[in-house]
Amino acid sequence: MPENAGSDRIRNFIIVGLLAATTAFAAFHEGFFPLLTSHFMAFLLMGVGFSFWLAAGISSRRLVSLILSIFMIEYFKETIGVRSGFWSYNGNPGQFNFGIWSWVLAGLTTYTLATRLAIPRLKKLGIAMPGWLNAALLSVIFASMLFSMGPYRDGAEPMFYIFYVMLFSGVLYASFRIEGSVFIGLVLMAWVASNSSEYMGAVASDLWTFTHNPDYPPIFLLFFCWPLEILAQYSLSAYLAGEPLNQYS
């Protein structure tokens, strides 16, 4: 990941600071502050720190595109999940923007881990896959999501399937153009971020509750929904910023 210009870096730091402030305000306004454990607060601060690290190495256009892409996709996903009864938020009734802003920090953290740590190491190992293999692995992830929903399938509304088919279709198109090391790095770090953040928020802090999984977040969400969303956000942000898919690999 090439370092950006000084002006972009300063602008990016201001953007990340505003993102952190917005997340904190949402937590206060929506009644989540009493539920914030010291562990989750430390987790959020770590996300802010990773976001600053990411901000030091990308253009302001790409950073803003990432934030917009994550927020937009997660707004639809969270709304669908709450309406379908997959999970519920435990702040003020009907309010969950704090969850979405927290997801933005988690998404930026995922991209930091992928582009700063995972992808460079995969490149050194000579990890290279043709586009059709990326597409094949993506298809396995999508099919596994559908088959691993378990009791959540009963509450799934048509909009849930429409949403993920749209994500799958967009990422499938991009997968033929993404380098194998970038694709694998994003998927691996999505798994790391999903397990840690969903467990911390739902089980360790009780900020949100999974209807059928009180002890650990559902597998279909952690290992299949998250990679689809992360890959979609990465690809969409590159398109919005007018930058190549592999530029920050």
# chains A, B, ... in the order shown; residues from 1 in each chain; ligands from 1
>>> residues_around(residues="region 229-241 of chain A", least_positions_apart="6", cutoff="7 Å", atoms="only C-alpha atoms", output="list in words")
Arg61, Arg62, Ser65, Leu66, Ser69, Ile70, Gly107, Leu167, Gly170, Val171, Ala174, Leu186 and Ala190 of chain A
>>> closest_atom_pairs(of="region 48-97 of chain A", to="region 14-29 of chain A", cutoff="9 Å", atoms="only C-alpha atoms", output="tab-separated table")
residue	atom	partner	partner_atom	distance
A:Val48	CA	A:Ala20	CA	6.6
A:Ser51	CA	A:Val16	CA	6.7
A:Phe52	CA	A:Val16	CA	6.5
A:Ala55	CA	A:Val16	CA	7.5
A:Ser60	CA	A:Ile15	CA	8.6
A:Leu63	CA	A:Ile15	CA	8.5
A:Val64	CA	A:Ile15	CA	8.1
A:Ile67	CA	A:Leu19	CA	8.9
A:Gly91	CA	A:Ala27	CA	8.4
A:Asn92	CA	A:His29	CA	8.6
A:Phe96	CA	A:Ala26	CA	8.5
A:Asn97	CA	A:Ala26	CA	6.5
>>> write_last_selection(atoms="all heavy atoms", output="mmCIF file, in the first residue's frame")
data_model
loop_
_atom_site.group_PDB
_atom_site.id
_atom_site.type_symbol
_atom_site.label_atom_id
_atom_site.label_comp_id
_atom_site.auth_asym_id
_atom_site.auth_seq_id
_atom_site.Cartn_x
_atom_site.Cartn_y
_atom_site.Cartn_z
ATOM 1 N N VAL A 48 -10.519 2.425 15.991
ATOM 2 C CA VAL A 48 -10.149 3.795 15.615
ATOM 3 C C VAL A 48 -8.657 3.860 15.287
ATOM 4 O O VAL A 48 -8.248 4.492 14.303
ATOM 5 C CB VAL A 48 -10.501 4.780 16.748
ATOM 6 C CG1 VAL A 48 -9.954 6.172 16.434
ATOM 7 C CG2 VAL A 48 -12.012 4.852 16.952
ATOM 8 N N SER A 51 -8.032 2.393 11.983
ATOM 9 C CA SER A 51 -8.555 3.291 10.945
ATOM 10 C C SER A 51 -7.572 4.425 10.664
ATOM 11 O O SER A 51 -7.399 4.837 9.509
ATOM 12 C CB SER A 51 -9.923 3.850 11.366
ATOM 13 O OG SER A 51 -10.870 2.816 11.519
ATOM 14 N N PHE A 52 -6.931 4.939 11.711
ATOM 15 C CA PHE A 52 -5.899 5.958 11.505
ATOM 16 C C PHE A 52 -4.725 5.385 10.708
ATOM 17 O O PHE A 52 -4.153 6.062 9.851
ATOM 18 C CB PHE A 52 -5.405 6.491 12.855
ATOM 19 C CG PHE A 52 -6.243 7.603 13.410
ATOM 20 C CD1 PHE A 52 -6.936 7.454 14.599
ATOM 21 C CD2 PHE A 52 -6.329 8.812 12.740
ATOM 22 C CE1 PHE A 52 -7.709 8.483 15.110
ATOM 23 C CE2 PHE A 52 -7.106 9.867 13.243
ATOM 24 C CZ PHE A 52 -7.798 9.697 14.439
ATOM 25 N N ALA A 55 -5.785 5.246 7.235
ATOM 26 C CA ALA A 55 -5.899 6.597 6.688
ATOM 27 C C ALA A 55 -4.558 7.178 6.284
ATOM 28 O O ALA A 55 -4.491 8.069 5.428
ATOM 29 C CB ALA A 55 -6.572 7.508 7.719
ATOM 30 N N SER A 60 -7.850 10.325 0.152
ATOM 31 C CA SER A 60 -9.075 10.742 0.820
ATOM 32 C C SER A 60 -10.303 10.257 0.057
ATOM 33 O O SER A 60 -11.320 9.884 0.658
ATOM 34 C CB SER A 60 -9.120 12.270 0.944
ATOM 35 O OG SER A 60 -8.074 12.736 1.772
ATOM 36 N N LEU A 63 -10.829 6.641 1.043
ATOM 37 C CA LEU A 63 -11.293 6.522 2.418
ATOM 38 C C LEU A 63 -12.772 6.873 2.535
ATOM 39 O O LEU A 63 -13.551 6.142 3.157
ATOM 40 C CB LEU A 63 -10.464 7.425 3.336
ATOM 41 C CG LEU A 63 -10.886 7.430 4.812
ATOM 42 C CD1 LEU A 63 -10.722 6.046 5.431
ATOM 43 C CD2 LEU A 63 -10.082 8.471 5.600
ATOM 44 N N VAL A 64 -13.163 7.993 1.932
ATOM 45 C CA VAL A 64 -14.574 8.391 1.970
ATOM 46 C C VAL A 64 -15.437 7.364 1.252
ATOM 47 O O VAL A 64 -16.539 7.020 1.707
ATOM 48 C CB VAL A 64 -14.756 9.791 1.352
ATOM 49 C CG1 VAL A 64 -16.239 10.123 1.196
ATOM 50 C CG2 VAL A 64 -14.078 10.843 2.216
ATOM 51 N N ILE A 67 -15.950 4.412 3.589
ATOM 52 C CA ILE A 67 -16.916 4.702 4.649
ATOM 53 C C ILE A 67 -18.338 4.698 4.105
ATOM 54 O O ILE A 67 -19.250 4.107 4.704
ATOM 55 C CB ILE A 67 -16.577 6.050 5.312
ATOM 56 C CG1 ILE A 67 -15.253 5.941 6.078
ATOM 57 C CG2 ILE A 67 -17.701 6.493 6.243
ATOM 58 C CD1 ILE A 67 -14.732 7.256 6.616
ATOM 59 N N GLY A 91 -30.311 -1.138 22.765
ATOM 60 C CA GLY A 91 -30.342 0.260 23.172
ATOM 61 C C GLY A 91 -31.777 0.749 23.170
ATOM 62 O O GLY A 91 -32.704 0.020 23.522
ATOM 63 N N ASN A 92 -31.983 2.006 22.756
ATOM 64 C CA ASN A 92 -33.348 2.517 22.640
ATOM 65 C C ASN A 92 -34.106 1.727 21.579
ATOM 66 O O ASN A 92 -33.533 1.388 20.538
ATOM 67 C CB ASN A 92 -33.337 4.003 22.263
ATOM 68 C CG ASN A 92 -32.711 4.866 23.341
ATOM 69 O OD1 ASN A 92 -32.652 4.472 24.511
ATOM 70 N ND2 ASN A 92 -32.237 6.046 22.969
ATOM 71 N N PHE A 96 -30.510 1.690 15.884
ATOM 72 C CA PHE A 96 -29.305 0.859 15.779
ATOM 73 C C PHE A 96 -28.245 1.488 14.879
ATOM 74 O O PHE A 96 -27.390 0.789 14.337
ATOM 75 C CB PHE A 96 -29.660 -0.544 15.264
ATOM 76 C CG PHE A 96 -30.483 -0.576 13.995
ATOM 77 C CD1 PHE A 96 -29.877 -0.524 12.752
ATOM 78 C CD2 PHE A 96 -31.861 -0.660 14.061
ATOM 79 C CE1 PHE A 96 -30.624 -0.567 11.589
ATOM 80 C CE2 PHE A 96 -32.627 -0.704 12.908
ATOM 81 C CZ PHE A 96 -32.010 -0.659 11.663
ATOM 82 N N ASN A 97 -28.273 2.816 14.745
ATOM 83 C CA ASN A 97 -27.219 3.462 13.959
ATOM 84 C C ASN A 97 -25.845 3.271 14.598
ATOM 85 O O ASN A 97 -24.830 3.224 13.896
ATOM 86 C CB ASN A 97 -27.508 4.959 13.800
ATOM 87 C CG ASN A 97 -28.543 5.221 12.725
ATOM 88 O OD1 ASN A 97 -28.518 4.595 11.668
ATOM 89 N ND2 ASN A 97 -29.462 6.136 12.988
#
>>> closest_atom_pairs(of="region 94-206 of chain A", to="region 74-83 of chain A", cutoff="8 Å", atoms="only C-alpha atoms", output="CSV")
residue,atom,partner,partner_atom,distance
A:Ile100,CA,A:Glu74,CA,6.1
A:Trp103,CA,A:Glu74,CA,7.3
A:Glu157,CA,A:Ile80,CA,8.0
A:Met159,CA,A:Ile80,CA,7.1
A:Phe160,CA,A:Ile80,CA,6.2
A:Phe163,CA,A:Lys77,CA,7.7
>>> write_last_selection(atoms="N, CA, C and O atoms", output="PDB file, in the first residue's frame")
ATOM      1  N   ILE A 100     -24.329   0.295  13.156  1.00  0.00           N
ATOM      2  CA  ILE A 100     -23.840   0.507  11.789  1.00  0.00           C
ATOM      3  C   ILE A 100     -22.509   1.251  11.799  1.00  0.00           C
ATOM      4  O   ILE A 100     -21.563   0.884  11.089  1.00  0.00           O
ATOM      5  N   TRP A 103     -19.863  -0.967  12.754  1.00  0.00           N
ATOM      6  CA  TRP A 103     -19.512  -1.825  11.632  1.00  0.00           C
ATOM      7  C   TRP A 103     -18.556  -1.102  10.678  1.00  0.00           C
ATOM      8  O   TRP A 103     -17.659  -1.710  10.096  1.00  0.00           O
ATOM      9  N   GLU A 157     -36.847 -12.883   5.022  1.00  0.00           N
ATOM     10  CA  GLU A 157     -37.773 -12.279   4.069  1.00  0.00           C
ATOM     11  C   GLU A 157     -37.153 -12.289   2.675  1.00  0.00           C
ATOM     12  O   GLU A 157     -35.928 -12.433   2.524  1.00  0.00           O
ATOM     13  N   MET A 159     -36.433  -9.939   0.815  1.00  0.00           N
ATOM     14  CA  MET A 159     -35.423  -8.891   0.672  1.00  0.00           C
ATOM     15  C   MET A 159     -34.051  -9.365   1.112  1.00  0.00           C
ATOM     16  O   MET A 159     -33.028  -8.897   0.589  1.00  0.00           O
ATOM     17  N   PHE A 160     -33.993 -10.295   2.058  1.00  0.00           N
ATOM     18  CA  PHE A 160     -32.702 -10.849   2.482  1.00  0.00           C
ATOM     19  C   PHE A 160     -32.010 -11.523   1.310  1.00  0.00           C
ATOM     20  O   PHE A 160     -30.820 -11.281   1.053  1.00  0.00           O
ATOM     21  N   PHE A 163     -30.995  -9.008  -1.433  1.00  0.00           N
ATOM     22  CA  PHE A 163     -29.824  -8.231  -1.024  1.00  0.00           C
ATOM     23  C   PHE A 163     -28.539  -9.006  -1.265  1.00  0.00           C
ATOM     24  O   PHE A 163     -27.588  -8.486  -1.873  1.00  0.00           O
TER      25      PHE A 163
END
>>> atom_distance(atom1="CA of Arg116 (chain A)", atom2="CA of Asn195 (chain A)")
19.7 Å
>>> closest_residue(among="A:Tyr89, A:Phe223, A:Trp132, A:Phe147", to="Arg177 (chain A)", atoms="only C-alpha atoms")
A:Trp132
>>> atom_distance(atom1="CA of Glu30 (chain A)", atom2="CA of Val203 (chain A)")
19.5 Å
>>> residues_around(residues="Gly180 (chain A)", least_positions_apart="2", cutoff="7 Å", atoms="only C-alpha atoms", output="PyMOL selection string")
chain A and resi 127-130+134+178+182-184
>>> write_last_selection(atoms="all heavy atoms", output="mmCIF file, in the first residue's frame")
data_model
loop_
_atom_site.group_PDB
_atom_site.id
_atom_site.type_symbol
_atom_site.label_atom_id
_atom_site.label_comp_id
_atom_site.auth_asym_id
_atom_site.auth_seq_id
_atom_site.Cartn_x
_atom_site.Cartn_y
_atom_site.Cartn_z
ATOM 1 N N ILE A 127 1.220 -16.420 -3.519
ATOM 2 C CA ILE A 127 -0.177 -16.817 -3.690
ATOM 3 C C ILE A 127 -0.740 -16.143 -4.936
ATOM 4 O O ILE A 127 -0.796 -14.924 -5.023
ATOM 5 C CB ILE A 127 -1.017 -16.435 -2.468
ATOM 6 C CG1 ILE A 127 -0.482 -17.129 -1.215
ATOM 7 C CG2 ILE A 127 -2.482 -16.781 -2.682
ATOM 8 C CD1 ILE A 127 -0.583 -18.629 -1.257
ATOM 9 N N ALA A 128 -1.120 -16.935 -5.903
ATOM 10 C CA ALA A 128 -1.695 -16.401 -7.138
ATOM 11 C C ALA A 128 -2.786 -17.346 -7.621
ATOM 12 O O ALA A 128 -2.585 -18.558 -7.679
ATOM 13 C CB ALA A 128 -0.626 -16.235 -8.212
ATOM 14 N N MET A 129 -3.945 -16.781 -7.920
ATOM 15 C CA MET A 129 -5.063 -17.595 -8.400
ATOM 16 C C MET A 129 -5.678 -16.916 -9.610
ATOM 17 O O MET A 129 -5.769 -15.684 -9.652
ATOM 18 C CB MET A 129 -6.134 -17.757 -7.317
ATOM 19 C CG MET A 129 -5.660 -18.427 -6.045
ATOM 20 S SD MET A 129 -7.053 -18.848 -4.956
ATOM 21 C CE MET A 129 -7.888 -17.272 -4.829
ATOM 22 N N PRO A 130 -6.090 -17.688 -10.588
ATOM 23 C CA PRO A 130 -6.813 -17.096 -11.721
ATOM 24 C C PRO A 130 -8.171 -16.572 -11.276
ATOM 25 O O PRO A 130 -8.712 -17.005 -10.245
ATOM 26 C CB PRO A 130 -6.949 -18.271 -12.692
ATOM 27 C CG PRO A 130 -6.884 -19.492 -11.835
ATOM 28 C CD PRO A 130 -5.946 -19.154 -10.713
ATOM 29 N N ASN A 134 -11.125 -17.441 -8.050
ATOM 30 C CA ASN A 134 -11.759 -16.488 -7.130
ATOM 31 C C ASN A 134 -13.275 -16.625 -7.204
ATOM 32 O O ASN A 134 -13.964 -16.678 -6.176
ATOM 33 C CB ASN A 134 -11.376 -15.051 -7.503
ATOM 34 C CG ASN A 134 -9.939 -14.717 -7.185
ATOM 35 O OD1 ASN A 134 -9.267 -15.424 -6.442
ATOM 36 N ND2 ASN A 134 -9.462 -13.626 -7.759
ATOM 37 N N ILE A 178 -9.835 -9.199 -9.457
ATOM 38 C CA ILE A 178 -9.089 -9.056 -8.213
ATOM 39 C C ILE A 178 -7.973 -10.093 -8.161
ATOM 40 O O ILE A 178 -8.194 -11.268 -8.454
ATOM 41 C CB ILE A 178 -10.021 -9.227 -6.991
ATOM 42 C CG1 ILE A 178 -11.104 -8.144 -6.982
ATOM 43 C CG2 ILE A 178 -9.226 -9.153 -5.693
ATOM 44 C CD1 ILE A 178 -12.092 -8.280 -5.839
ATOM 45 N N VAL A 182 -5.200 -10.628 -2.969
ATOM 46 C CA VAL A 182 -6.119 -9.638 -2.432
ATOM 47 C C VAL A 182 -7.418 -10.313 -2.009
ATOM 48 O O VAL A 182 -7.947 -10.063 -0.913
ATOM 49 C CB VAL A 182 -6.400 -8.533 -3.474
ATOM 50 C CG1 VAL A 182 -7.441 -7.551 -2.950
ATOM 51 C CG2 VAL A 182 -5.111 -7.806 -3.839
ATOM 52 N N PHE A 183 -7.924 -11.185 -2.855
ATOM 53 C CA PHE A 183 -9.174 -11.889 -2.572
ATOM 54 C C PHE A 183 -9.045 -12.722 -1.293
ATOM 55 O O PHE A 183 -9.874 -12.613 -0.387
ATOM 56 C CB PHE A 183 -9.530 -12.792 -3.757
ATOM 57 C CG PHE A 183 -10.859 -13.485 -3.632
ATOM 58 C CD1 PHE A 183 -12.012 -12.894 -4.126
ATOM 59 C CD2 PHE A 183 -10.946 -14.735 -3.029
ATOM 60 C CE1 PHE A 183 -13.233 -13.538 -4.022
ATOM 61 C CE2 PHE A 183 -12.163 -15.381 -2.917
ATOM 62 C CZ PHE A 183 -13.317 -14.779 -3.409
ATOM 63 N N ILE A 184 -7.998 -13.541 -1.200
ATOM 64 C CA ILE A 184 -7.804 -14.402 -0.036
ATOM 65 C C ILE A 184 -7.542 -13.575 1.220
ATOM 66 O O ILE A 184 -8.057 -13.877 2.305
ATOM 67 C CB ILE A 184 -6.647 -15.383 -0.276
ATOM 68 C CG1 ILE A 184 -6.997 -16.352 -1.412
ATOM 69 C CG2 ILE A 184 -6.323 -16.158 0.996
ATOM 70 C CD1 ILE A 184 -8.189 -17.224 -1.130
#
>>> decode(residues="region 15-50 of chain A", atoms="N, CA, C and O atoms", output="PDB file, in the first residue's frame")
ATOM      1  N   ILE A  15     -11.126  13.025   9.019  1.00  0.00           N
ATOM      2  CA  ILE A  15     -12.294  12.199   8.693  1.00  0.00           C
ATOM      3  C   ILE A  15     -12.459  11.073   9.705  1.00  0.00           C
ATOM      4  O   ILE A  15     -13.572  10.809  10.192  1.00  0.00           O
ATOM      5  N   VAL A  16     -11.360  10.402  10.043  1.00  0.00           N
ATOM      6  CA  VAL A  16     -11.434   9.310  11.027  1.00  0.00           C
ATOM      7  C   VAL A  16     -11.840   9.862  12.393  1.00  0.00           C
ATOM      8  O   VAL A  16     -12.625   9.229  13.120  1.00  0.00           O
ATOM      9  N   GLY A  17     -11.330  11.041  12.758  1.00  0.00           N
ATOM     10  CA  GLY A  17     -11.730  11.655  14.020  1.00  0.00           C
ATOM     11  C   GLY A  17     -13.218  11.943  14.064  1.00  0.00           C
ATOM     12  O   GLY A  17     -13.886  11.712  15.087  1.00  0.00           O
ATOM     13  N   LEU A  18     -13.761  12.450  12.948  1.00  0.00           N
ATOM     14  CA  LEU A  18     -15.198  12.705  12.870  1.00  0.00           C
ATOM     15  C   LEU A  18     -15.994  11.404  12.929  1.00  0.00           C
ATOM     16  O   LEU A  18     -17.072  11.353  13.537  1.00  0.00           O
ATOM     17  N   LEU A  19     -15.469  10.342  12.309  1.00  0.00           N
ATOM     18  CA  LEU A  19     -16.121   9.037  12.372  1.00  0.00           C
ATOM     19  C   LEU A  19     -16.186   8.533  13.813  1.00  0.00           C
ATOM     20  O   LEU A  19     -17.223   8.032  14.266  1.00  0.00           O
ATOM     21  N   ALA A  20     -15.082   8.660  14.547  1.00  0.00           N
ATOM     22  CA  ALA A  20     -15.056   8.232  15.946  1.00  0.00           C
ATOM     23  C   ALA A  20     -16.043   9.041  16.779  1.00  0.00           C
ATOM     24  O   ALA A  20     -16.771   8.486  17.624  1.00  0.00           O
ATOM     25  N   ALA A  21     -16.097  10.344  16.538  1.00  0.00           N
ATOM     26  CA  ALA A  21     -17.024  11.200  17.286  1.00  0.00           C
ATOM     27  C   ALA A  21     -18.478  10.847  16.970  1.00  0.00           C
ATOM     28  O   ALA A  21     -19.337  10.834  17.863  1.00  0.00           O
ATOM     29  N   THR A  22     -18.761  10.572  15.705  1.00  0.00           N
ATOM     30  CA  THR A  22     -20.111  10.194  15.305  1.00  0.00           C
ATOM     31  C   THR A  22     -20.534   8.885  15.962  1.00  0.00           C
ATOM     32  O   THR A  22     -21.675   8.732  16.418  1.00  0.00           O
ATOM     33  N   THR A  23     -19.613   7.927  16.022  1.00  0.00           N
ATOM     34  CA  THR A  23     -19.900   6.644  16.662  1.00  0.00           C
ATOM     35  C   THR A  23     -20.197   6.841  18.143  1.00  0.00           C
ATOM     36  O   THR A  23     -21.143   6.251  18.686  1.00  0.00           O
ATOM     37  N   ALA A  24     -19.402   7.670  18.813  1.00  0.00           N
ATOM     38  CA  ALA A  24     -19.608   7.933  20.234  1.00  0.00           C
ATOM     39  C   ALA A  24     -20.944   8.642  20.461  1.00  0.00           C
ATOM     40  O   ALA A  24     -21.686   8.307  21.402  1.00  0.00           O
ATOM     41  N   PHE A  25     -21.281   9.605  19.611  1.00  0.00           N
ATOM     42  CA  PHE A  25     -22.556  10.309  19.750  1.00  0.00           C
ATOM     43  C   PHE A  25     -23.728   9.359  19.544  1.00  0.00           C
ATOM     44  O   PHE A  25     -24.726   9.421  20.278  1.00  0.00           O
ATOM     45  N   ALA A  26     -23.629   8.473  18.554  1.00  0.00           N
ATOM     46  CA  ALA A  26     -24.703   7.516  18.314  1.00  0.00           C
ATOM     47  C   ALA A  26     -24.897   6.604  19.517  1.00  0.00           C
ATOM     48  O   ALA A  26     -26.021   6.283  19.899  1.00  0.00           O
ATOM     49  N   ALA A  27     -23.791   6.175  20.144  1.00  0.00           N
ATOM     50  CA  ALA A  27     -23.878   5.324  21.331  1.00  0.00           C
ATOM     51  C   ALA A  27     -24.607   6.056  22.455  1.00  0.00           C
ATOM     52  O   ALA A  27     -25.453   5.474  23.152  1.00  0.00           O
ATOM     53  N   PHE A  28     -24.296   7.340  22.644  1.00  0.00           N
ATOM     54  CA  PHE A  28     -24.950   8.137  23.687  1.00  0.00           C
ATOM     55  C   PHE A  28     -26.424   8.394  23.359  1.00  0.00           C
ATOM     56  O   PHE A  28     -27.312   8.179  24.184  1.00  0.00           O
ATOM     57  N   HIS A  29     -26.684   8.832  22.132  1.00  0.00           N
ATOM     58  CA  HIS A  29     -28.037   9.220  21.739  1.00  0.00           C
ATOM     59  C   HIS A  29     -28.997   8.035  21.711  1.00  0.00           C
ATOM     60  O   HIS A  29     -30.189   8.193  22.013  1.00  0.00           O
ATOM     61  N   GLU A  30     -28.503   6.857  21.363  1.00  0.00           N
ATOM     62  CA  GLU A  30     -29.374   5.699  21.214  1.00  0.00           C
ATOM     63  C   GLU A  30     -29.392   4.777  22.438  1.00  0.00           C
ATOM     64  O   GLU A  30     -29.941   3.675  22.377  1.00  0.00           O
ATOM     65  N   GLY A  31     -28.824   5.224  23.536  1.00  0.00           N
ATOM     66  CA  GLY A  31     -28.939   4.487  24.782  1.00  0.00           C
ATOM     67  C   GLY A  31     -28.011   3.297  24.933  1.00  0.00           C
ATOM     68  O   GLY A  31     -28.265   2.420  25.761  1.00  0.00           O
ATOM     69  N   PHE A  32     -26.910   3.273  24.176  1.00  0.00           N
ATOM     70  CA  PHE A  32     -25.983   2.150  24.279  1.00  0.00           C
ATOM     71  C   PHE A  32     -24.869   2.382  25.304  1.00  0.00           C
ATOM     72  O   PHE A  32     -24.176   1.429  25.678  1.00  0.00           O
ATOM     73  N   PHE A  33     -24.695   3.616  25.750  1.00  0.00           N
ATOM     74  CA  PHE A  33     -23.594   3.914  26.663  1.00  0.00           C
ATOM     75  C   PHE A  33     -23.623   3.064  27.938  1.00  0.00           C
ATOM     76  O   PHE A  33     -22.578   2.563  28.376  1.00  0.00           O
ATOM     77  N   PRO A  34     -24.796   2.877  28.584  1.00  0.00           N
ATOM     78  CA  PRO A  34     -24.802   2.048  29.804  1.00  0.00           C
ATOM     79  C   PRO A  34     -24.385   0.595  29.556  1.00  0.00           C
ATOM     80  O   PRO A  34     -24.006  -0.103  30.503  1.00  0.00           O
ATOM     81  N   LEU A  35     -24.463   0.142  28.292  1.00  0.00           N
ATOM     82  CA  LEU A  35     -24.129  -1.242  27.970  1.00  0.00           C
ATOM     83  C   LEU A  35     -22.671  -1.419  27.558  1.00  0.00           C
ATOM     84  O   LEU A  35     -22.198  -2.560  27.418  1.00  0.00           O
ATOM     85  N   LEU A  36     -21.963  -0.317  27.355  1.00  0.00           N
ATOM     86  CA  LEU A  36     -20.590  -0.402  26.872  1.00  0.00           C
ATOM     87  C   LEU A  36     -19.666  -0.905  27.978  1.00  0.00           C
ATOM     88  O   LEU A  36     -19.438  -0.216  28.968  1.00  0.00           O
ATOM     89  N   THR A  37     -19.142  -2.090  27.798  1.00  0.00           N
ATOM     90  CA  THR A  37     -18.161  -2.621  28.745  1.00  0.00           C
ATOM     91  C   THR A  37     -16.786  -2.042  28.435  1.00  0.00           C
ATOM     92  O   THR A  37     -16.547  -1.499  27.346  1.00  0.00           O
ATOM     93  N   SER A  38     -15.889  -2.152  29.391  1.00  0.00           N
ATOM     94  CA  SER A  38     -14.529  -1.658  29.165  1.00  0.00           C
ATOM     95  C   SER A  38     -13.870  -2.419  28.019  1.00  0.00           C
ATOM     96  O   SER A  38     -13.088  -1.842  27.251  1.00  0.00           O
ATOM     97  N   HIS A  39     -14.208  -3.706  27.879  1.00  0.00           N
ATOM     98  CA  HIS A  39     -13.637  -4.504  26.798  1.00  0.00           C
ATOM     99  C   HIS A  39     -14.110  -3.994  25.432  1.00  0.00           C
ATOM    100  O   HIS A  39     -13.321  -3.891  24.491  1.00  0.00           O
ATOM    101  N   PHE A  40     -15.421  -3.675  25.320  1.00  0.00           N
ATOM    102  CA  PHE A  40     -15.919  -3.211  24.028  1.00  0.00           C
ATOM    103  C   PHE A  40     -15.388  -1.818  23.715  1.00  0.00           C
ATOM    104  O   PHE A  40     -15.086  -1.510  22.558  1.00  0.00           O
ATOM    105  N   MET A  41     -15.270  -0.959  24.738  1.00  0.00           N
ATOM    106  CA  MET A  41     -14.713   0.374  24.514  1.00  0.00           C
ATOM    107  C   MET A  41     -13.267   0.275  24.037  1.00  0.00           C
ATOM    108  O   MET A  41     -12.851   1.008  23.134  1.00  0.00           O
ATOM    109  N   ALA A  42     -12.514  -0.644  24.640  1.00  0.00           N
ATOM    110  CA  ALA A  42     -11.138  -0.859  24.180  1.00  0.00           C
ATOM    111  C   ALA A  42     -11.123  -1.379  22.752  1.00  0.00           C
ATOM    112  O   ALA A  42     -10.251  -1.013  21.944  1.00  0.00           O
ATOM    113  N   PHE A  43     -12.108  -2.207  22.427  1.00  0.00           N
ATOM    114  CA  PHE A  43     -12.220  -2.759  21.080  1.00  0.00           C
ATOM    115  C   PHE A  43     -12.511  -1.642  20.072  1.00  0.00           C
ATOM    116  O   PHE A  43     -11.929  -1.605  18.980  1.00  0.00           O
ATOM    117  N   LEU A  44     -13.407  -0.712  20.444  1.00  0.00           N
ATOM    118  CA  LEU A  44     -13.709   0.418  19.573  1.00  0.00           C
ATOM    119  C   LEU A  44     -12.477   1.309  19.379  1.00  0.00           C
ATOM    120  O   LEU A  44     -12.198   1.760  18.266  1.00  0.00           O
ATOM    121  N   LEU A  45     -11.760   1.563  20.457  1.00  0.00           N
ATOM    122  CA  LEU A  45     -10.552   2.389  20.358  1.00  0.00           C
ATOM    123  C   LEU A  45      -9.508   1.725  19.474  1.00  0.00           C
ATOM    124  O   LEU A  45      -8.795   2.404  18.724  1.00  0.00           O
ATOM    125  N   MET A  46      -9.420   0.405  19.557  1.00  0.00           N
ATOM    126  CA  MET A  46      -8.501  -0.311  18.675  1.00  0.00           C
ATOM    127  C   MET A  46      -8.927  -0.136  17.223  1.00  0.00           C
ATOM    128  O   MET A  46      -8.085   0.052  16.334  1.00  0.00           O
ATOM    129  N   GLY A  47     -10.244  -0.171  16.963  1.00  0.00           N
ATOM    130  CA  GLY A  47     -10.751   0.053  15.612  1.00  0.00           C
ATOM    131  C   GLY A  47     -10.418   1.441  15.111  1.00  0.00           C
ATOM    132  O   GLY A  47     -10.062   1.620  13.935  1.00  0.00           O
ATOM    133  N   VAL A  48     -10.519   2.425  15.991  1.00  0.00           N
ATOM    134  CA  VAL A  48     -10.149   3.795  15.615  1.00  0.00           C
ATOM    135  C   VAL A  48      -8.657   3.860  15.287  1.00  0.00           C
ATOM    136  O   VAL A  48      -8.248   4.492  14.303  1.00  0.00           O
ATOM    137  N   GLY A  49      -7.846   3.178  16.087  1.00  0.00           N
ATOM    138  CA  GLY A  49      -6.408   3.166  15.834  1.00  0.00           C
ATOM    139  C   GLY A  49      -6.064   2.534  14.494  1.00  0.00           C
ATOM    140  O   GLY A  49      -5.249   3.068  13.725  1.00  0.00           O
ATOM    141  N   PHE A  50      -6.695   1.397  14.188  1.00  0.00           N
ATOM    142  CA  PHE A  50      -6.464   0.764  12.887  1.00  0.00           C
ATOM    143  C   PHE A  50      -6.943   1.658  11.747  1.00  0.00           C
ATOM    144  O   PHE A  50      -6.338   1.682  10.673  1.00  0.00           O
TER     145      PHE A  50
END
